[in-house]
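What follows is coords.txt (compact mmCIF, C-alpha atoms).
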# COMPACT_ATOMS: atom_id res chain seq x y z
CA MET A 1 -11.91 -5.96 35.67
CA SER A 2 -12.10 -2.27 34.81
CA ALA A 3 -13.31 -1.52 31.27
CA ASP A 4 -10.06 0.39 30.68
CA VAL A 5 -7.86 -2.60 31.56
CA MET A 6 -7.21 -4.79 28.50
CA VAL A 7 -4.80 -7.24 30.15
CA LYS A 8 -4.31 -7.91 33.85
CA VAL A 9 -1.28 -9.91 34.96
CA GLU A 10 -1.58 -11.33 38.48
CA GLN A 11 1.37 -12.76 40.42
CA MET A 12 2.86 -14.33 37.31
CA SER A 13 6.12 -16.28 37.46
CA PHE A 14 7.78 -18.06 34.54
CA TYR A 15 10.36 -20.85 34.44
CA TYR A 16 12.74 -22.24 31.83
CA GLY A 17 13.25 -25.66 33.35
CA ASP A 18 14.44 -24.96 36.90
CA PHE A 19 15.46 -21.37 36.11
CA LYS A 20 12.95 -18.78 37.31
CA ALA A 21 13.03 -16.06 34.65
CA LEU A 22 10.16 -13.92 36.00
CA ASN A 23 9.30 -13.40 39.66
CA ASP A 24 5.73 -12.73 40.79
CA ILE A 25 4.81 -10.05 38.22
CA SER A 26 1.57 -8.08 38.60
CA LEU A 27 0.82 -5.44 35.97
CA ASP A 28 -2.20 -3.89 34.20
CA PHE A 29 -2.27 -2.73 30.57
CA LEU A 30 -4.79 -0.02 29.68
CA LYS A 31 -6.86 0.19 26.51
CA ASN A 32 -5.53 2.53 23.78
CA HIS A 33 -2.33 3.25 25.68
CA VAL A 34 1.31 2.39 24.94
CA THR A 35 3.27 0.65 27.68
CA ALA A 36 7.04 0.36 27.29
CA LEU A 37 9.00 -2.43 28.97
CA ILE A 38 12.57 -1.36 29.73
CA GLY A 39 15.57 -2.90 31.47
CA PRO A 40 18.98 -4.40 30.69
CA SER A 41 19.45 -7.41 28.41
CA GLY A 42 18.40 -10.68 29.96
CA CYS A 43 16.10 -9.12 32.55
CA GLY A 44 12.94 -10.87 31.31
CA LYS A 45 11.27 -8.20 29.14
CA SER A 46 10.89 -10.30 25.99
CA THR A 47 10.02 -13.43 27.98
CA PHE A 48 7.26 -11.45 29.67
CA LEU A 49 6.00 -10.09 26.34
CA ARG A 50 5.82 -13.58 24.85
CA CYS A 51 3.81 -14.78 27.85
CA LEU A 52 1.04 -12.37 26.83
CA ASN A 53 0.13 -14.33 23.70
CA ARG A 54 1.52 -17.70 24.76
CA MET A 55 4.45 -17.67 22.34
CA ASN A 56 6.52 -19.34 25.08
CA ASP A 57 4.30 -22.41 24.69
CA LEU A 58 6.52 -23.22 21.70
CA ILE A 59 9.58 -23.59 23.97
CA PRO A 60 9.94 -27.01 25.66
CA ASP A 61 10.27 -27.41 29.43
CA THR A 62 8.71 -24.09 30.39
CA LYS A 63 6.17 -23.42 33.13
CA ILE A 64 4.01 -20.46 34.13
CA GLU A 65 2.37 -19.66 37.49
CA GLY A 66 -0.23 -17.00 38.30
CA ARG A 67 -2.83 -15.59 35.91
CA ILE A 68 -2.97 -13.42 32.80
CA LEU A 69 -6.50 -12.12 32.28
CA PHE A 70 -7.68 -10.88 28.89
CA GLY A 71 -11.32 -9.85 28.93
CA ASP A 72 -11.81 -11.56 32.32
CA VAL A 73 -10.59 -14.87 30.87
CA ASP A 74 -7.33 -16.48 31.97
CA ILE A 75 -5.40 -16.96 28.72
CA TYR A 76 -3.68 -20.03 30.21
CA ASP A 77 -6.98 -21.79 30.84
CA PRO A 78 -6.72 -25.20 29.07
CA LYS A 79 -9.95 -24.45 27.19
CA ILE A 80 -8.47 -21.37 25.49
CA ASP A 81 -8.04 -21.57 21.69
CA VAL A 82 -4.44 -20.37 21.34
CA VAL A 83 -4.79 -19.67 17.60
CA GLU A 84 -7.77 -17.41 18.30
CA LEU A 85 -5.86 -15.74 21.14
CA ARG A 86 -2.95 -14.88 18.84
CA LYS A 87 -5.38 -13.38 16.33
CA ARG A 88 -6.55 -10.95 19.03
CA ILE A 89 -3.08 -10.32 20.48
CA GLY A 90 -0.80 -9.78 17.49
CA MET A 91 2.99 -9.62 17.59
CA VAL A 92 5.71 -7.76 15.70
CA PHE A 93 9.22 -9.10 16.16
CA GLN A 94 12.61 -7.43 16.46
CA LYS A 95 13.77 -8.38 12.97
CA PRO A 96 11.35 -7.89 10.07
CA ASN A 97 10.20 -11.31 8.89
CA PRO A 98 8.08 -10.92 5.74
CA PHE A 99 6.98 -14.10 3.99
CA PRO A 100 8.76 -14.84 0.67
CA LYS A 101 5.57 -13.83 -1.11
CA SER A 102 4.20 -10.66 -2.71
CA ILE A 103 3.47 -7.58 -0.62
CA TYR A 104 -0.24 -8.23 -1.19
CA GLU A 105 -0.01 -11.90 -0.14
CA ASN A 106 1.91 -11.01 3.02
CA VAL A 107 -1.08 -9.04 4.25
CA ALA A 108 -3.79 -11.28 2.79
CA TYR A 109 -2.35 -14.69 3.74
CA ALA A 110 -3.54 -15.02 7.36
CA PRO A 111 -6.95 -13.33 6.87
CA LYS A 112 -7.58 -15.74 3.97
CA ILE A 113 -6.68 -18.80 6.08
CA HIS A 114 -8.80 -17.65 9.03
CA GLY A 115 -11.77 -16.56 6.93
CA ILE A 116 -11.59 -12.91 7.98
CA ALA A 117 -12.08 -11.69 4.40
CA ASN A 118 -13.10 -13.29 1.11
CA LYS A 119 -10.92 -13.24 -1.96
CA GLY A 120 -11.65 -10.31 -4.28
CA PRO A 121 -12.86 -6.80 -3.41
CA GLN A 122 -13.30 -7.59 0.30
CA MET A 123 -9.69 -8.78 0.58
CA ASP A 124 -8.45 -5.91 -1.57
CA ASP A 125 -10.08 -3.47 0.84
CA LEU A 126 -8.60 -5.21 3.89
CA VAL A 127 -5.09 -5.19 2.38
CA GLU A 128 -5.35 -1.50 1.51
CA GLU A 129 -6.78 -0.57 4.91
CA SER A 130 -4.04 -2.50 6.73
CA LEU A 131 -1.27 -0.96 4.65
CA ARG A 132 -2.76 2.49 5.19
CA LYS A 133 -2.89 1.99 8.95
CA ALA A 134 0.75 0.89 8.84
CA GLY A 135 1.71 4.04 6.93
CA LEU A 136 2.89 2.05 3.91
CA TRP A 137 0.12 2.23 1.29
CA ASP A 138 1.40 5.26 -0.63
CA GLU A 139 4.86 3.69 -0.92
CA VAL A 140 3.73 0.28 -2.20
CA LYS A 141 0.30 0.70 -3.84
CA ASP A 142 1.86 0.28 -7.32
CA ARG A 143 4.13 -2.59 -6.19
CA LEU A 144 1.70 -4.99 -4.52
CA ALA A 145 2.75 -7.91 -6.75
CA GLU A 146 6.45 -7.47 -5.91
CA VAL A 147 8.17 -9.86 -3.51
CA ALA A 148 8.12 -8.29 -0.05
CA THR A 149 11.82 -8.96 0.55
CA ASN A 150 12.58 -6.28 -2.07
CA LEU A 151 11.39 -3.63 0.39
CA SER A 152 13.79 -1.73 2.65
CA GLY A 153 14.19 -2.87 6.26
CA GLY A 154 11.92 -0.12 7.55
CA GLN A 155 9.28 -0.87 4.94
CA GLN A 156 9.47 -4.58 5.75
CA GLN A 157 8.85 -3.83 9.43
CA ARG A 158 5.83 -1.66 8.59
CA LEU A 159 4.61 -4.49 6.33
CA CYS A 160 4.86 -6.85 9.31
CA ILE A 161 2.80 -4.37 11.32
CA ALA A 162 0.24 -4.26 8.48
CA ARG A 163 0.19 -8.07 8.51
CA ALA A 164 -0.57 -8.07 12.23
CA ILE A 165 -3.25 -5.36 11.84
CA ALA A 166 -4.95 -7.36 9.06
CA MET A 167 -5.92 -9.96 11.66
CA GLN A 168 -7.98 -7.24 13.39
CA PRO A 169 -6.37 -7.66 16.84
CA ASP A 170 -7.15 -5.79 20.04
CA ILE A 171 -3.53 -5.67 21.20
CA LEU A 172 -0.19 -5.29 19.42
CA LEU A 173 2.94 -6.66 21.07
CA MET A 174 6.19 -5.21 19.71
CA ASP A 175 9.56 -6.71 20.62
CA GLU A 176 12.15 -4.01 19.88
CA PRO A 177 10.48 -3.23 16.53
CA ALA A 178 12.99 -0.53 15.53
CA SER A 179 16.27 -1.91 16.89
CA ALA A 180 17.42 -3.18 13.48
CA LEU A 181 16.46 0.01 11.64
CA ASP A 182 18.20 3.26 10.74
CA PRO A 183 17.17 6.53 12.47
CA ILE A 184 14.77 7.65 9.71
CA ALA A 185 12.98 4.28 9.61
CA THR A 186 12.93 4.26 13.42
CA GLN A 187 11.19 7.63 13.47
CA LYS A 188 8.54 6.34 11.05
CA ILE A 189 7.88 3.35 13.33
CA GLU A 190 7.64 5.64 16.37
CA ASP A 191 5.25 8.00 14.57
CA LEU A 192 3.21 4.97 13.56
CA ILE A 193 2.99 3.69 17.15
CA PHE A 194 1.64 7.07 18.21
CA GLU A 195 -1.10 6.85 15.55
CA LEU A 196 -1.94 3.18 16.15
CA LYS A 197 -2.72 3.60 19.85
CA GLU A 198 -5.98 5.29 18.82
CA ARG A 199 -7.15 1.83 17.69
CA TYR A 200 -4.99 -0.63 19.61
CA THR A 201 -3.44 -1.29 22.98
CA ILE A 202 0.33 -1.47 22.41
CA ILE A 203 3.01 -3.10 24.57
CA ILE A 204 6.56 -2.50 23.39
CA VAL A 205 9.91 -3.86 24.55
CA THR A 206 12.70 -1.38 23.91
CA HIS A 207 16.36 -1.02 24.87
CA SER A 208 16.19 2.67 24.04
CA MET A 209 15.06 4.76 26.99
CA GLN A 210 14.74 7.73 24.64
CA GLN A 211 12.31 5.70 22.54
CA ALA A 212 10.34 4.66 25.63
CA ALA A 213 10.10 8.31 26.66
CA ARG A 214 8.92 9.35 23.19
CA VAL A 215 6.29 6.71 22.41
CA SER A 216 4.84 5.39 25.67
CA ASP A 217 2.22 6.51 28.16
CA TYR A 218 3.43 4.09 30.83
CA THR A 219 6.80 2.49 31.48
CA ALA A 220 7.62 -0.70 33.38
CA PHE A 221 11.22 -1.27 34.51
CA PHE A 222 12.33 -4.90 34.74
CA TYR A 223 15.54 -6.09 36.39
CA MET A 224 16.73 -9.69 36.96
CA GLY A 225 13.23 -11.08 36.44
CA ASP A 226 11.57 -8.60 38.81
CA LEU A 227 9.20 -5.76 38.00
CA VAL A 228 10.97 -3.00 39.90
CA GLU A 229 8.67 -0.09 39.11
CA VAL A 230 5.82 0.87 36.80
CA GLY A 231 4.13 4.21 36.32
CA ASP A 232 3.41 7.19 34.10
CA THR A 233 6.33 7.47 31.67
CA GLN A 234 7.09 11.12 32.43
CA GLU A 235 7.17 10.39 36.16
CA ILE A 236 9.32 7.27 35.75
CA PHE A 237 11.90 9.28 33.82
CA THR A 238 11.83 12.42 35.96
CA GLN A 239 10.81 11.28 39.44
CA PRO A 240 11.23 7.51 39.81
CA VAL A 241 10.23 6.12 43.18
CA LYS A 242 12.91 3.42 43.36
CA LYS A 243 16.64 4.21 43.45
CA GLN A 244 17.26 1.16 41.24
CA THR A 245 15.10 2.75 38.53
CA GLU A 246 16.92 6.06 38.83
CA ASP A 247 20.31 4.33 38.62
CA TYR A 248 19.30 2.52 35.43
CA ILE A 249 17.81 5.56 33.76
CA THR A 250 20.83 7.73 34.59
CA GLY A 251 23.24 5.09 33.30
CA ARG A 252 24.77 4.10 36.64
CA PHE A 253 24.20 0.44 35.84
CA GLY A 254 22.76 -1.80 33.15

Target encoding C-alpha cells, full file:
Amino acid sequence: MSADVMVKVEQMSFYYGDFKALNDISLDFLKNHVTALIGPSGCGKSTFLRCLNRMNDLIPDTKIEGRILFGDVDIYDPKIDVVELRKRIGMVFQKPNPFPKSIYENVAYAPKIHGIANKGPQMDDLVEESLRKAGLWDEVKDRLAEVATNLSGGQQQRLCIARAIAMQPDILLMDEPASALDPIATQKIEDLIFELKERYTIIIVTHSMQQAARVSDYTAFFYMGDLVEVGDTQEIFTQPVKKQTEDYITGRFG
C-alpha cells in the first residue's frame, strides 16, 4: 500500500440480513486529506462510514464481504482487537453526545480507562491539548468542572471532537457533524476540519454539497448502495464524469 493511503477499501459489500446495502465498493483514503461522502438519504453513506471502524458489528444479522485495509492489515481479520481499532479510527456522530459528566471528565474518561495518560499533570496537559485542537479551550478553560450538557450544541460537538482527539487517533470519521447546528456553529466546525487535517485523515458524511465543496479535498458520490464516482472535489463539482453525479449535484434528482 502507498504510504499516502491510510485506508484502502477493496470490493466491499455489506448486508443487513438479505438486503445488500453496499455493492462492491473500492475506495482509497489519503493521509492528511478530507474526503466527503455525498448522496441522497438511504444511499449507504453512513453504513459505509461505520464499516471503517466496525461500528456495524453492533448491529445483529449483518455481513461484510471484501477487505478494508488499514496499515496493510484487514480490519475484519478475526485477530483484530476492535477496541484498539476504534482508538485509532475515532468517530464523531451527527448529534452531539457528551457524557453526563464534567467537561474535563468527558475528555479524560477514555484516555484514563485505556492508560493513555496518568491522572494529574499528564492528564491535565492531554485535556488542554485536545480542547485546544478542537478550538474549544478558550471558551471552557474556566468551566472545566461544569457538566458538559450545559454547553451549547456547537460547543458540545467540538467537545465530542476533543474527546475523539484525546484518544490520539490516526483517522477521524464524522457522520454529518454539523447537521444539527446553526450556521455560526457549523462554520466553526468547518474551520476546525480544515485545521485538523494537518494532523488527521478525515472522512465526513454530509448532506450539504456546499459543505462538501468547502471542506473536502476529495468527494465520493454514493447512490443506492453504489459508489458512482470519486475524485478531486473541485472536479466532481465542476466537471463530473458521470451524468448521474451531475444530475445529483445540479438538483435534478435526490

With distances taken over all atoms listed in the file, the candidate from A:Met55, A:Leu181, A:Ile113, A:Met224 nearest Lys20 in chain A is A:Met224

Long-range neighbours of Phe99 in chain A as an MDAnalysis selection string, 9 Å cut-off, all atoms listed in the file, 4 positions minimum in chain: chainID A and resid 103 105:106 147:149

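Of note, CA of Ile38 in chain A and CA of Gly153 in chain A are spaced 23.6 Å apart.
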
Show me, as AutoDock Vina command-line options, the centre and edge lengths in Å to one decimal of the axis-aligned box that covers every listed atom of range 44-52 of chain A with 4 Å on each side.
--center_x 7.0 --center_y -11.5 --center_z 28.1 --size_x 19.9 --size_y 14.6 --size_z 14.5

Check the smallest atom-to-atom distance from each of A:Leu192, A:Leu227, A:Leu69, A:Leu173 to Leu131 in chain A using only C-alpha atoms, then report the winner. A:Leu192

Given only C-alpha atoms as the basis, pick out the residue of A:Asn118, A:Ser130, A:Thr47, A:Thr250 nearest to Asp175 in chain A. A:Thr47

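You will find CA of Thr245 in chain A at 7.2 Å from CA of Val228 in chain A.
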
Write range 76-108 of chain A as an mmCIF file, in the frame of the given file, completed to N, CA and C atoms.
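Result file part_33.cif:
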data_model
loop_
_atom_site.group_PDB
_atom_site.id
_atom_site.type_symbol
_atom_site.label_atom_id
_atom_site.label_comp_id
_atom_site.auth_asym_id
_atom_site.auth_seq_id
_atom_site.Cartn_x
_atom_site.Cartn_y
_atom_site.Cartn_z
ATOM 1 N N TYR A 76 -4.311 -18.726 30.023
ATOM 2 C CA TYR A 76 -3.680 -20.030 30.210
ATOM 3 C C TYR A 76 -4.672 -21.109 30.646
ATOM 4 N N ASP A 77 -5.950 -20.779 30.618
ATOM 5 C CA ASP A 77 -6.980 -21.790 30.840
ATOM 6 C C ASP A 77 -6.853 -22.854 29.734
ATOM 7 N N PRO A 78 -6.877 -24.151 30.091
ATOM 8 C CA PRO A 78 -6.720 -25.200 29.070
ATOM 9 C C PRO A 78 -7.759 -25.142 27.955
ATOM 10 N N LYS A 79 -8.886 -24.508 28.205
ATOM 11 C CA LYS A 79 -9.950 -24.450 27.190
ATOM 12 C C LYS A 79 -9.713 -23.351 26.152
ATOM 13 N N ILE A 80 -8.719 -22.496 26.397
ATOM 14 C CA ILE A 80 -8.470 -21.370 25.490
ATOM 15 C C ILE A 80 -7.964 -21.875 24.134
ATOM 16 N N ASP A 81 -8.517 -21.313 23.057
ATOM 17 C CA ASP A 81 -8.040 -21.570 21.690
ATOM 18 C C ASP A 81 -6.856 -20.635 21.452
ATOM 19 N N VAL A 82 -5.648 -21.194 21.423
ATOM 20 C CA VAL A 82 -4.440 -20.370 21.340
ATOM 21 C C VAL A 82 -4.345 -19.660 19.986
ATOM 22 N N VAL A 83 -4.813 -20.308 18.929
ATOM 23 C CA VAL A 83 -4.790 -19.670 17.600
ATOM 24 C C VAL A 83 -5.686 -18.426 17.612
ATOM 25 N N GLU A 84 -6.861 -18.554 18.209
ATOM 26 C CA GLU A 84 -7.770 -17.410 18.300
ATOM 27 C C GLU A 84 -7.174 -16.319 19.178
ATOM 28 N N LEU A 85 -6.517 -16.715 20.246
ATOM 29 C CA LEU A 85 -5.860 -15.740 21.140
ATOM 30 C C LEU A 85 -4.830 -14.920 20.378
ATOM 31 N N ARG A 86 -4.034 -15.585 19.564
ATOM 32 C CA ARG A 86 -2.950 -14.880 18.840
ATOM 33 C C ARG A 86 -3.504 -14.024 17.707
ATOM 34 N N LYS A 87 -4.731 -14.294 17.271
ATOM 35 C CA LYS A 87 -5.380 -13.380 16.330
ATOM 36 C C LYS A 87 -5.708 -12.062 17.032
ATOM 37 N N ARG A 88 -6.113 -12.147 18.304
ATOM 38 C CA ARG A 88 -6.550 -10.950 19.030
ATOM 39 C C ARG A 88 -5.376 -10.206 19.687
ATOM 40 N N ILE A 89 -4.280 -10.938 19.921
ATOM 41 C CA ILE A 89 -3.080 -10.320 20.480
ATOM 42 C C ILE A 89 -1.949 -10.571 19.497
ATOM 43 N N GLY A 90 -1.780 -9.620 18.558
ATOM 44 C CA GLY A 90 -0.800 -9.780 17.490
ATOM 45 C C GLY A 90 0.603 -9.439 17.965
ATOM 46 N N MET A 91 1.605 -9.845 17.175
ATOM 47 C CA MET A 91 2.990 -9.620 17.590
ATOM 48 C C MET A 91 3.840 -9.193 16.402
ATOM 49 N N VAL A 92 4.719 -8.224 16.674
ATOM 50 C CA VAL A 92 5.710 -7.760 15.700
ATOM 51 C C VAL A 92 7.088 -7.990 16.324
ATOM 52 N N PHE A 93 7.952 -8.674 15.592
ATOM 53 C CA PHE A 93 9.220 -9.100 16.160
ATOM 54 C C PHE A 93 10.334 -8.081 15.893
ATOM 55 N N GLN A 94 11.468 -8.345 16.543
ATOM 56 C CA GLN A 94 12.610 -7.430 16.460
ATOM 57 C C GLN A 94 13.111 -7.280 15.027
ATOM 58 N N LYS A 95 13.267 -8.404 14.351
ATOM 59 C CA LYS A 95 13.770 -8.380 12.970
ATOM 60 C C LYS A 95 12.594 -8.571 12.027
ATOM 61 N N PRO A 96 12.451 -7.700 11.025
ATOM 62 C CA PRO A 96 11.350 -7.890 10.070
ATOM 63 C C PRO A 96 11.392 -9.288 9.472
ATOM 64 N N ASN A 97 10.240 -9.925 9.398
ATOM 65 C CA ASN A 97 10.200 -11.310 8.890
ATOM 66 C C ASN A 97 9.081 -11.493 7.877
ATOM 67 N N PRO A 98 9.123 -10.733 6.759
ATOM 68 C CA PRO A 98 8.080 -10.920 5.740
ATOM 69 C C PRO A 98 8.163 -12.312 5.132
ATOM 70 N N PHE A 99 7.005 -12.825 4.691
ATOM 71 C CA PHE A 99 6.980 -14.100 3.990
ATOM 72 C C PHE A 99 7.625 -13.907 2.610
ATOM 73 N N PRO A 100 8.203 -14.954 2.030
ATOM 74 C CA PRO A 100 8.760 -14.840 0.670
ATOM 75 C C PRO A 100 7.645 -14.879 -0.377
ATOM 76 N N LYS A 101 6.726 -13.948 -0.226
ATOM 77 C CA LYS A 101 5.570 -13.830 -1.110
ATOM 78 C C LYS A 101 5.447 -12.364 -1.526
ATOM 79 N N SER A 102 4.430 -12.048 -2.300
ATOM 80 C CA SER A 102 4.200 -10.660 -2.710
ATOM 81 C C SER A 102 3.788 -9.815 -1.507
ATOM 82 N N ILE A 103 3.916 -8.507 -1.662
ATOM 83 C CA ILE A 103 3.470 -7.580 -0.620
ATOM 84 C C ILE A 103 1.998 -7.836 -0.305
ATOM 85 N N TYR A 104 1.199 -7.980 -1.359
ATOM 86 C CA TYR A 104 -0.240 -8.230 -1.190
ATOM 87 C C TYR A 104 -0.469 -9.514 -0.392
ATOM 88 N N GLU A 105 0.196 -10.601 -0.789
ATOM 89 C CA GLU A 105 -0.010 -11.900 -0.140
ATOM 90 C C GLU A 105 0.450 -11.899 1.309
ATOM 91 N N ASN A 106 1.463 -11.100 1.633
ATOM 92 C CA ASN A 106 1.910 -11.010 3.020
ATOM 93 C C ASN A 106 0.785 -10.542 3.925
ATOM 94 N N VAL A 107 0.011 -9.579 3.436
ATOM 95 C CA VAL A 107 -1.080 -9.040 4.250
ATOM 96 C C VAL A 107 -2.312 -9.941 4.172
ATOM 97 N N ALA A 108 -2.558 -10.523 3.021
ATOM 98 C CA ALA A 108 -3.790 -11.280 2.790
ATOM 99 C C ALA A 108 -3.725 -12.721 3.299
#
